[in-house]
file run.cif (mmCIF, C-alpha atoms)
data_protein
loop_
_atom_site.group_PDB
_atom_site.id
_atom_site.type_symbol
_atom_site.label_atom_id
_atom_site.label_comp_id
_atom_site.auth_asym_id
_atom_site.auth_seq_id
_atom_site.Cartn_x
_atom_site.Cartn_y
_atom_site.Cartn_z
ATOM 1 C CA MET I 268 -7.547 -21.808 6.301
ATOM 2 C CA LEU I 269 -8.736 -18.476 7.673
ATOM 3 C CA LEU I 270 -11.984 -16.871 6.516
ATOM 4 C CA VAL I 271 -11.130 -13.176 6.689
ATOM 5 C CA ALA I 272 -14.255 -11.521 5.266
ATOM 6 C CA THR I 273 -17.507 -12.312 3.506
ATOM 7 C CA ILE I 274 -19.270 -9.158 2.224
ATOM 8 C CA SER I 275 -19.964 -9.633 -1.489
ATOM 9 C CA LEU I 276 -16.222 -10.375 -1.578
ATOM 10 C CA LEU I 277 -14.910 -13.698 -0.349
ATOM 11 C CA ILE I 278 -11.315 -13.681 0.872
ATOM 12 C CA VAL I 279 -10.009 -17.112 1.783
ATOM 13 C CA CYS I 280 -6.496 -16.901 3.163
ATOM 14 C CA SER I 281 -3.631 -18.920 4.563
ATOM 15 C CA ARG I 282 -2.243 -17.319 7.710
ATOM 16 C CA GLY I 283 1.460 -16.500 7.820
ATOM 17 C CA ASP I 284 3.675 -16.317 10.873
ATOM 18 C CA THR I 285 3.400 -12.560 11.477
ATOM 19 C CA ASP I 286 1.184 -10.756 13.961
ATOM 20 C CA ALA I 287 -0.381 -8.754 11.143
ATOM 21 C CA SER I 288 -2.013 -11.844 9.625
ATOM 22 C CA THR I 289 0.027 -11.868 6.458
ATOM 23 C CA VAL I 290 -2.046 -13.839 4.012
ATOM 24 C CA ARG I 291 -2.064 -15.301 0.541
ATOM 25 C CA CYS I 292 -5.602 -14.696 -0.682
ATOM 26 C CA LYS I 293 -7.876 -16.065 -3.340
ATOM 27 C CA LEU I 294 -10.534 -13.520 -4.203
ATOM 28 C CA SER I 295 -13.945 -14.050 -5.748
ATOM 29 C CA SER I 296 -17.135 -12.018 -5.913
ATOM 30 C CA PRO I 297 -20.710 -13.247 -6.211
ATOM 31 C CA ARG I 298 -21.643 -10.045 -8.092
ATOM 32 C CA ARG I 299 -18.692 -9.903 -10.457
ATOM 33 C CA LYS I 300 -16.302 -12.560 -11.670
ATOM 34 C CA PHE I 301 -12.559 -12.156 -11.092
ATOM 35 C CA SER I 302 -10.407 -15.113 -12.074
ATOM 36 C CA TYR I 303 -6.979 -15.924 -10.633
ATOM 37 C CA SER I 304 -4.535 -18.492 -11.908
ATOM 38 C CA GLU I 305 -2.505 -18.201 -8.671
ATOM 39 C CA PRO I 306 -3.200 -16.845 -5.177
ATOM 40 C CA VAL I 307 -2.890 -13.070 -5.125
ATOM 41 C CA PRO I 308 -0.329 -11.814 -2.564
ATOM 42 C CA VAL I 309 -2.547 -9.620 -0.396
ATOM 43 C CA HIS I 310 -1.438 -9.101 3.186
ATOM 44 C CA ILE I 311 -4.397 -8.067 5.350
ATOM 45 C CA VAL I 312 -3.047 -6.001 8.262
ATOM 46 C CA GLN I 313 -5.333 -6.556 11.230
ATOM 47 C CA HIS I 314 -3.575 -4.570 13.955
ATOM 48 C CA PRO I 315 -6.217 -2.756 16.072
ATOM 49 C CA LEU I 316 -4.354 0.561 15.843
ATOM 50 C CA VAL I 317 -4.491 0.323 12.050
ATOM 51 C CA HIS I 318 -8.237 -0.140 12.119
ATOM 52 C CA ASP I 319 -8.711 2.597 14.706
ATOM 53 C CA ALA I 320 -7.028 5.028 12.287
ATOM 54 C CA LEU I 321 -9.007 3.599 9.371
ATOM 55 C CA VAL I 322 -12.307 4.368 11.105
ATOM 56 C CA SER I 323 -11.234 8.005 11.493
ATOM 57 C CA LEU I 324 -10.335 8.174 7.808
ATOM 58 C CA ARG I 325 -13.669 6.695 6.766
ATOM 59 C CA ASP I 326 -15.747 9.038 8.947
ATOM 60 C CA LYS I 327 -17.205 11.770 6.739
ATOM 61 C CA ASN I 328 -17.098 14.200 9.682
ATOM 62 C CA THR I 329 -13.319 13.955 10.118
ATOM 63 C CA THR I 330 -11.696 17.339 9.421
ATOM 64 C CA PRO I 331 -8.657 17.649 7.107
ATOM 65 C CA GLU I 332 -6.424 18.227 10.142
ATOM 66 C CA HIS I 333 -7.511 15.026 11.856
ATOM 67 C CA PHE I 334 -7.629 13.187 8.531
ATOM 68 C CA ARG I 335 -3.936 13.969 8.016
ATOM 69 C CA ARG I 336 -3.096 12.743 11.506
ATOM 70 C CA ALA I 337 -4.962 9.489 10.961
ATOM 71 C CA ALA I 338 -3.264 9.062 7.566
ATOM 72 C CA THR I 339 0.133 9.423 9.232
ATOM 73 C CA ARG I 340 -0.716 6.925 11.970
ATOM 74 C CA ILE I 341 -1.983 4.255 9.597
ATOM 75 C CA SER I 342 0.858 4.790 7.126
ATOM 76 C CA VAL I 343 3.510 4.221 9.813
ATOM 77 C CA LEU I 344 1.902 0.947 10.838
ATOM 78 C CA LEU I 345 1.360 -0.322 7.293
ATOM 79 C CA ALA I 346 4.910 0.573 6.271
ATOM 80 C CA ALA I 347 6.342 -1.199 9.316
ATOM 81 C CA GLN I 348 4.530 -4.356 8.282
ATOM 82 C CA ALA I 349 5.512 -4.084 4.615
ATOM 83 C CA LEU I 350 9.152 -3.625 5.623
ATOM 84 C CA GLY I 351 9.068 -6.530 8.047
ATOM 85 C CA ASP I 352 11.377 -8.675 5.903
ATOM 86 C CA VAL I 353 13.805 -5.967 4.819
ATOM 87 C CA PRO I 354 17.365 -7.315 5.125
ATOM 88 C CA ALA I 355 19.276 -6.257 8.237
ATOM 89 C CA GLY I 356 22.833 -6.912 9.388
ATOM 90 C CA ASP I 357 24.414 -7.428 12.795
ATOM 91 C CA VAL I 358 26.235 -4.445 14.295
ATOM 92 C CA THR I 359 27.762 -3.466 17.615
ATOM 93 C CA VAL I 360 27.422 0.026 19.053
ATOM 94 C CA GLU I 361 28.896 1.648 22.133
ATOM 95 C CA THR I 362 26.399 2.707 24.786
ATOM 96 C CA PRO I 363 27.503 4.934 27.693
ATOM 97 C CA LEU I 364 27.986 1.695 29.652
ATOM 98 C CA GLY I 365 29.623 -0.520 27.058
ATOM 99 C CA PRO I 366 29.144 -2.361 23.754
ATOM 100 C CA ALA I 367 25.689 -3.603 22.700
ATOM 101 C CA PRO I 368 24.774 -5.861 19.779
ATOM 102 C CA GLY I 369 22.031 -4.834 17.402
ATOM 103 C CA LYS I 370 20.842 -4.780 13.829
ATOM 104 C CA ARG I 371 20.779 -2.124 11.130
ATOM 105 C CA ILE I 372 18.892 -2.175 7.846
ATOM 106 C CA GLY I 373 21.281 -3.433 5.225
ATOM 107 C CA ALA I 374 19.141 -2.862 2.149
ATOM 108 C CA ASP I 375 18.727 0.228 0.018
ATOM 109 C CA VAL I 376 15.085 1.210 0.606
ATOM 110 C CA VAL I 377 13.348 3.348 -2.012
ATOM 111 C CA VAL I 378 9.932 4.881 -1.300
ATOM 112 C CA VAL I 379 7.798 5.882 -4.276
ATOM 113 C CA PRO I 380 4.539 7.766 -3.653
ATOM 114 C CA VAL I 381 1.993 7.965 -6.453
ATOM 115 C CA LEU I 382 1.045 11.650 -6.707
ATOM 116 C CA ARG I 383 -0.747 13.394 -5.316
ATOM 117 C CA ALA I 384 -2.484 11.305 -2.674
ATOM 118 C CA GLY I 385 0.593 9.172 -1.989
ATOM 119 C CA LEU I 386 2.403 12.221 -0.638
ATOM 120 C CA GLY I 387 0.126 12.049 2.389
ATOM 121 C CA MET I 388 1.850 8.794 3.374
ATOM 122 C CA LEU I 389 5.452 9.707 2.529
ATOM 123 C CA ASP I 390 6.577 11.520 5.689
ATOM 124 C CA ALA I 391 5.294 8.669 7.838
ATOM 125 C CA VAL I 392 7.387 6.131 5.936
ATOM 126 C CA LEU I 393 10.470 8.370 6.085
ATOM 127 C CA GLU I 394 10.102 8.542 9.863
ATOM 128 C CA LEU I 395 10.663 4.794 9.864
ATOM 129 C CA VAL I 396 13.467 4.792 7.280
ATOM 130 C CA PRO I 397 15.151 8.233 7.265
ATOM 131 C CA SER I 398 17.882 6.945 4.958
ATOM 132 C CA ALA I 399 15.438 5.859 2.249
ATOM 133 C CA ARG I 400 15.731 7.326 -1.222
ATOM 134 C CA VAL I 401 12.560 8.774 -2.720
ATOM 135 C CA GLY I 402 11.081 8.665 -6.199
ATOM 136 C CA HIS I 403 7.852 10.193 -7.479
ATOM 137 C CA ILE I 404 5.307 9.031 -10.043
ATOM 138 C CA GLY I 405 2.560 11.408 -11.157
ATOM 139 C CA LEU I 406 -0.601 9.841 -12.540
ATOM 140 C CA GLN I 407 -3.951 11.510 -13.155
ATOM 141 C CA ARG I 408 -7.182 9.607 -13.601
ATOM 142 C CA ASP I 409 -9.650 10.783 -16.208
ATOM 143 C CA GLU I 410 -12.929 11.256 -14.330
ATOM 144 C CA MET I 411 -14.950 10.093 -17.351
ATOM 145 C CA THR I 412 -12.972 7.026 -18.416
ATOM 146 C CA ALA I 413 -11.102 6.227 -15.156
ATOM 147 C CA VAL I 414 -7.967 5.715 -17.290
ATOM 148 C CA ALA I 415 -4.717 6.913 -15.708
ATOM 149 C CA SER I 416 -2.281 9.091 -17.645
ATOM 150 C CA GLN I 417 1.289 9.858 -16.588
ATOM 151 C CA TYR I 418 2.348 13.473 -16.149
ATOM 152 C CA TYR I 419 5.535 13.040 -14.081
ATOM 153 C CA SER I 420 8.138 10.420 -13.207
ATOM 154 C CA LYS I 421 11.411 10.843 -11.339
ATOM 155 C CA LEU I 422 12.963 7.656 -9.999
ATOM 156 C CA PRO I 423 16.306 7.005 -8.279
ATOM 157 C CA ALA I 424 18.986 5.043 -10.089
ATOM 158 C CA ARG I 425 20.023 1.442 -9.327
ATOM 159 C CA LEU I 426 16.565 0.133 -8.465
ATOM 160 C CA ALA I 427 17.567 -3.426 -9.346
ATOM 161 C CA SER I 428 19.350 -3.778 -5.998
ATOM 162 C CA SER I 429 16.787 -1.793 -3.986
ATOM 163 C CA TYR I 430 13.841 -2.704 -1.810
ATOM 164 C CA VAL I 431 11.066 -0.587 -3.335
ATOM 165 C CA LEU I 432 7.976 0.454 -1.386
ATOM 166 C CA MET I 433 5.252 2.009 -3.548
ATOM 167 C CA ILE I 434 2.659 3.977 -1.609
ATOM 168 C CA ASP I 435 -0.806 4.832 -2.923
ATOM 169 C CA PRO I 436 -3.689 5.092 -0.454
ATOM 170 C CA MET I 437 -6.499 3.866 -2.719
ATOM 171 C CA LEU I 438 -6.350 0.754 -4.905
ATOM 172 C CA ALA I 439 -9.596 1.213 -6.856
ATOM 173 C CA THR I 440 -9.642 0.134 -10.510
ATOM 174 C CA GLY I 441 -5.958 -0.756 -10.317
ATOM 175 C CA GLY I 442 -5.128 1.234 -13.469
ATOM 176 C CA SER I 443 -2.891 3.753 -11.705
ATOM 177 C CA ALA I 444 -1.204 1.035 -9.656
ATOM 178 C CA VAL I 445 -0.437 -1.064 -12.729
ATOM 179 C CA ALA I 446 0.881 1.981 -14.633
ATOM 180 C CA ALA I 447 3.140 2.915 -11.708
ATOM 181 C CA LEU I 448 4.360 -0.657 -11.282
ATOM 182 C CA ASP I 449 5.096 -0.827 -15.011
ATOM 183 C CA LEU I 450 7.321 2.259 -14.668
ATOM 184 C CA LEU I 451 9.128 0.793 -11.666
ATOM 185 C CA GLN I 452 9.787 -2.514 -13.382
ATOM 186 C CA HIS I 453 10.954 -0.801 -16.567
ATOM 187 C CA ALA I 454 13.351 1.207 -14.367
ATOM 188 C CA GLY I 455 14.805 -2.070 -13.112
ATOM 189 C CA ALA I 456 13.009 -2.629 -9.801
ATOM 190 C CA ARG I 457 12.817 -6.280 -8.845
ATOM 191 C CA VAL I 458 11.597 -6.320 -5.241
ATOM 192 C CA ILE I 459 8.451 -4.194 -4.896
ATOM 193 C CA ARG I 460 5.916 -3.928 -2.095
ATOM 194 C CA MET I 461 2.766 -1.812 -2.316
ATOM 195 C CA ILE I 462 0.875 -0.361 0.614
ATOM 196 C CA CYS I 463 -2.633 1.070 0.330
ATOM 197 C CA ILE I 464 -5.171 2.088 2.930
ATOM 198 C CA VAL I 465 -8.275 0.800 1.152
ATOM 199 C CA ALA I 466 -8.468 -1.653 -1.750
ATOM 200 C CA ALA I 467 -11.231 -2.848 -4.058
ATOM 201 C CA PRO I 468 -11.463 -6.373 -5.500
ATOM 202 C CA GLU I 469 -11.271 -4.972 -9.043
ATOM 203 C CA GLY I 470 -7.953 -3.269 -8.298
ATOM 204 C CA VAL I 471 -6.496 -6.319 -6.594
ATOM 205 C CA ALA I 472 -7.488 -8.436 -9.601
ATOM 206 C CA LEU I 473 -5.808 -6.093 -12.093
ATOM 207 C CA VAL I 474 -2.563 -5.869 -10.117
ATOM 208 C CA GLU I 475 -2.476 -9.653 -9.763
ATOM 209 C CA ARG I 476 -2.998 -10.060 -13.495
ATOM 210 C CA HIS I 477 -0.183 -7.730 -14.511
ATOM 211 C CA HIS I 478 2.191 -7.932 -11.507
ATOM 212 C CA PRO I 479 1.597 -11.205 -9.640
ATOM 213 C CA ASN I 480 4.891 -10.932 -7.752
ATOM 214 C CA VAL I 481 4.073 -7.591 -6.111
ATOM 215 C CA ASP I 482 2.813 -7.989 -2.541
ATOM 216 C CA ILE I 483 0.005 -5.673 -1.434
ATOM 217 C CA TYR I 484 -0.338 -4.566 2.194
ATOM 218 C CA THR I 485 -3.727 -3.185 3.191
ATOM 219 C CA PRO I 486 -6.058 -3.314 6.192
ATOM 220 C CA VAL I 487 -9.159 -3.914 4.090
ATOM 221 C CA VAL I 488 -10.501 -4.999 0.712
ATOM 222 C CA ASP I 489 -13.871 -3.271 0.406
ATOM 223 C CA ARG I 490 -17.014 -4.480 -1.331
ATOM 224 C CA GLU I 491 -16.867 -3.023 -4.837
ATOM 225 C CA LEU I 492 -16.537 0.026 -7.081
ATOM 226 C CA ASN I 493 -19.515 2.223 -7.851
ATOM 227 C CA PRO I 494 -20.294 3.406 -11.420
ATOM 228 C CA GLN I 495 -17.989 6.411 -10.862
ATOM 229 C CA LYS I 496 -15.155 3.998 -9.954
ATOM 230 C CA PHE I 497 -15.017 5.029 -6.300
ATOM 231 C CA ILE I 498 -14.499 2.324 -3.689
ATOM 232 C CA VAL I 499 -17.641 1.465 -1.707
ATOM 233 C CA PRO I 500 -17.883 2.035 1.210
ATOM 234 C CA GLY I 501 -14.344 3.412 0.956
ATOM 235 C CA LEU I 502 -13.544 6.816 2.433
ATOM 236 C CA GLY I 503 -14.220 9.217 -0.444
ATOM 237 C CA ASP I 504 -11.485 10.988 -2.406
ATOM 238 C CA PHE I 505 -8.355 10.607 -0.269
ATOM 239 C CA GLY I 506 -6.473 13.508 -1.845
ATOM 240 C CA ASP I 507 -9.380 15.921 -1.573
ATOM 241 C CA ARG I 508 -9.977 15.055 2.067
ATOM 242 C CA LEU I 509 -6.259 15.202 2.867
ATOM 243 C CA TYR I 510 -5.769 18.644 1.379
ATOM 244 C CA GLY I 511 -9.225 20.085 2.119
ATOM 245 C CA THR I 512 -10.169 20.453 -1.547
ATOM 246 C CA VAL I 513 -13.497 18.632 -1.312
#
call {"tool": "encode", "arguments": {"input": "run.cif", "output": "structure tokens"}}
result
Amino acid sequence: MLLVATISLLIVCSRGDTDASTVRCKLSSPRRKFSYSEPVPVHIVQHPLVHDALVSLRDKNTTPEHFRRAATRISVLLAAQALGDVPAGDVTVETPLGPAPGKRIGADVVVVPVLRAGLGMLDAVLELVPSARVGHIGLQRDEMTAVASQYYSKLPARLASSYVLMIDPMLATGGSAVAALDLLQHAGARVIRMICIVAAPEGVALVERHHPNVDIYTPVVDRELNPQKFIVPGLGDFGDRLYGTV
């Protein structure tokens, strides 16, 4: 057993065989009670380059320009880990000096950002998988109630046979994530991974309750939500900092 973190939130995990410390975590909080019938599939990505970018994103003095660069760097690394088990097939290509064996992705990858903040991660993922199809889900959180409402949804067809990667930088209350995952499952998606840059225990708990088969890839599960439903310590409003609308 690997003790990953103990800061109001206890994350006790079983280490997988990947260099990103893929874990199956049981979460509990001394301040608030979150119950799990099964281990929640959270994969804590511990690569030092991921956490170097995360520090830049957290820093309140980071400018929008450098915030965008850090968001791109961390998104590439998180996506690479989340796509680590995507099916690939053997191929042979001709180099200038002769044939060479290799592998090509054999699955249909679909990337779905949750608007608007998820757009800040999209180009990074497409750099890794240029052939990926793209869907969009628009959700807006009511600042008073923290309840998410849908204002847009455009998803590719044939999701049942696709490897779907949902990208949303902040997993706070989990309401937006659950609403987006509901839409994906209703559209037929069966294999779904979610990547986020910062998560809160409340959001992880809600996703586990409604979508226990969806794996979450994140570098950190922070302490808690504040009364305004922002992650603490978090990094502030990701979308506002990304687009300079603070």
call {"tool": "resolve_selection", "arguments": {"input": "run.cif", "expression": "the PyMOL selection byres ((chain I and resi 334-342) around 6)", "output": "list in words"}}
result
Val317, Ala320, Leu324, Thr329, Thr330, Pro331, Glu332, His333, Val343, Leu344, Leu345, Ala346, Met388, Ala391 and Leu509 of chain I
call {"tool": "residues_around", "arguments": {"input": "run.cif", "residues": "Val396 of chain I", "least_positions_apart": "5", "cutoff": "12 Å", "atoms": "all atoms listed in the file", "output": "list in words"}}
result
Val343, Ala346, Ala347, Leu350, Val353, Arg371, Ile372, Gly373, Ala374, Asp375, Val376, Val377, Val378, Leu389, Asp390, Ala391, Val401, Tyr430 and Leu432 of chain I
call {"tool": "atom_distance", "arguments": {"input": "run.cif", "atom1": "atom CA of Val312 of chain I", "atom2": "atom CA of Ala355 of chain I"}}
result
22.3 Å
call {"tool": "resolve_selection", "arguments": {"input": "run.cif", "expression": "the PyMOL selection byres ((chain I and resi 404) around 10)", "output": "ChimeraX atom specification"}}
result
/I:379-383,385,402-403,405-406,417-422,433,443,446-448,450-451
call {"tool": "residues_near_point", "arguments": {"input": "run.cif", "point": "(0.9, -3.6, -12.3)", "cutoff": "6 Å", "atoms": "only C-alpha atoms", "output": "mmCIF file with C-alpha atoms, keeping the file's coordinate frame"}}
result
data_model
loop_
_atom_site.group_PDB
_atom_site.id
_atom_site.type_symbol
_atom_site.label_atom_id
_atom_site.label_comp_id
_atom_site.auth_asym_id
_atom_site.auth_seq_id
_atom_site.Cartn_x
_atom_site.Cartn_y
_atom_site.Cartn_z
ATOM 1 C CA ALA I 444 -1.204 1.035 -9.656
ATOM 2 C CA VAL I 445 -0.437 -1.064 -12.729
ATOM 3 C CA LEU I 448 4.360 -0.657 -11.282
ATOM 4 C CA ASP I 449 5.096 -0.827 -15.011
ATOM 5 C CA VAL I 474 -2.563 -5.869 -10.117
ATOM 6 C CA HIS I 477 -0.183 -7.730 -14.511
ATOM 7 C CA HIS I 478 2.191 -7.932 -11.507
#
call {"tool": "atom_distance", "arguments": {"input": "run.cif", "atom1": "atom CA of Pro468 of chain I", "atom2": "atom CA of Tyr510 of chain I"}}
result
26.6 Å
call {"tool": "closest_residue", "arguments": {"input": "run.cif", "among": "I:Gly441, I:Gly356, I:Gly387, I:Gly365", "to": "Arg508 of chain I", "atoms": "all atoms listed in the file"}}
result
I:Gly387
call {"tool": "resolve_selection", "arguments": {"input": "run.cif", "expression": "the PyMOL selection byres ((chain I and resi 499) around 12)", "output": "JSON, numbers by chain"}}
result
{"I": [274, 275, 276, 325, 437, 438, 439, 440, 465, 466, 467, 468, 469, 487, 488, 489, 490, 491, 492, 493, 494, 495, 496, 497, 498, 500, 501, 502, 503, 504]}
call {"tool": "write_last_selection", "arguments": {"input": "run.cif", "atoms": "C-alpha atoms", "output": "short mmCIF file (atom, residue, chain, number, x, y, z; two decimals), keeping the file's coordinate frame"}}
result
data_model
loop_
_atom_site.label_atom_id
_atom_site.label_comp_id
_atom_site.auth_asym_id
_atom_site.auth_seq_id
_atom_site.Cartn_x
_atom_site.Cartn_y
_atom_site.Cartn_z
CA ILE I 274 -19.27 -9.16 2.22
CA SER I 275 -19.96 -9.63 -1.49
CA LEU I 276 -16.22 -10.38 -1.58
CA ARG I 325 -13.67 6.70 6.77
CA MET I 437 -6.50 3.87 -2.72
CA LEU I 438 -6.35 0.75 -4.90
CA ALA I 439 -9.60 1.21 -6.86
CA THR I 440 -9.64 0.13 -10.51
CA VAL I 465 -8.28 0.80 1.15
CA ALA I 466 -8.47 -1.65 -1.75
CA ALA I 467 -11.23 -2.85 -4.06
CA PRO I 468 -11.46 -6.37 -5.50
CA GLU I 469 -11.27 -4.97 -9.04
CA VAL I 487 -9.16 -3.91 4.09
CA VAL I 488 -10.50 -5.00 0.71
CA ASP I 489 -13.87 -3.27 0.41
CA ARG I 490 -17.01 -4.48 -1.33
CA GLU I 491 -16.87 -3.02 -4.84
CA LEU I 492 -16.54 0.03 -7.08
CA ASN I 493 -19.52 2.22 -7.85
CA PRO I 494 -20.29 3.41 -11.42
CA GLN I 495 -17.99 6.41 -10.86
CA LYS I 496 -15.16 4.00 -9.95
CA PHE I 497 -15.02 5.03 -6.30
CA ILE I 498 -14.50 2.32 -3.69
CA PRO I 500 -17.88 2.04 1.21
CA GLY I 501 -14.34 3.41 0.96
CA LEU I 502 -13.54 6.82 2.43
CA GLY I 503 -14.22 9.22 -0.44
CA ASP I 504 -11.48 10.99 -2.41
#
call {"tool": "atom_distance", "arguments": {"input": "run.cif", "atom1": "atom CA of Ile483 of chain I", "atom2": "atom CA of Pro436 of chain I"}}
result
11.4 Å
call {"tool": "closest_residue", "arguments": {"input": "run.cif", "among": "I:Arg400, I:Lys327, I:Arg460, I:Arg476", "to": "Val513 of chain I", "atoms": "only C-alpha atoms"}}
result
I:Lys327
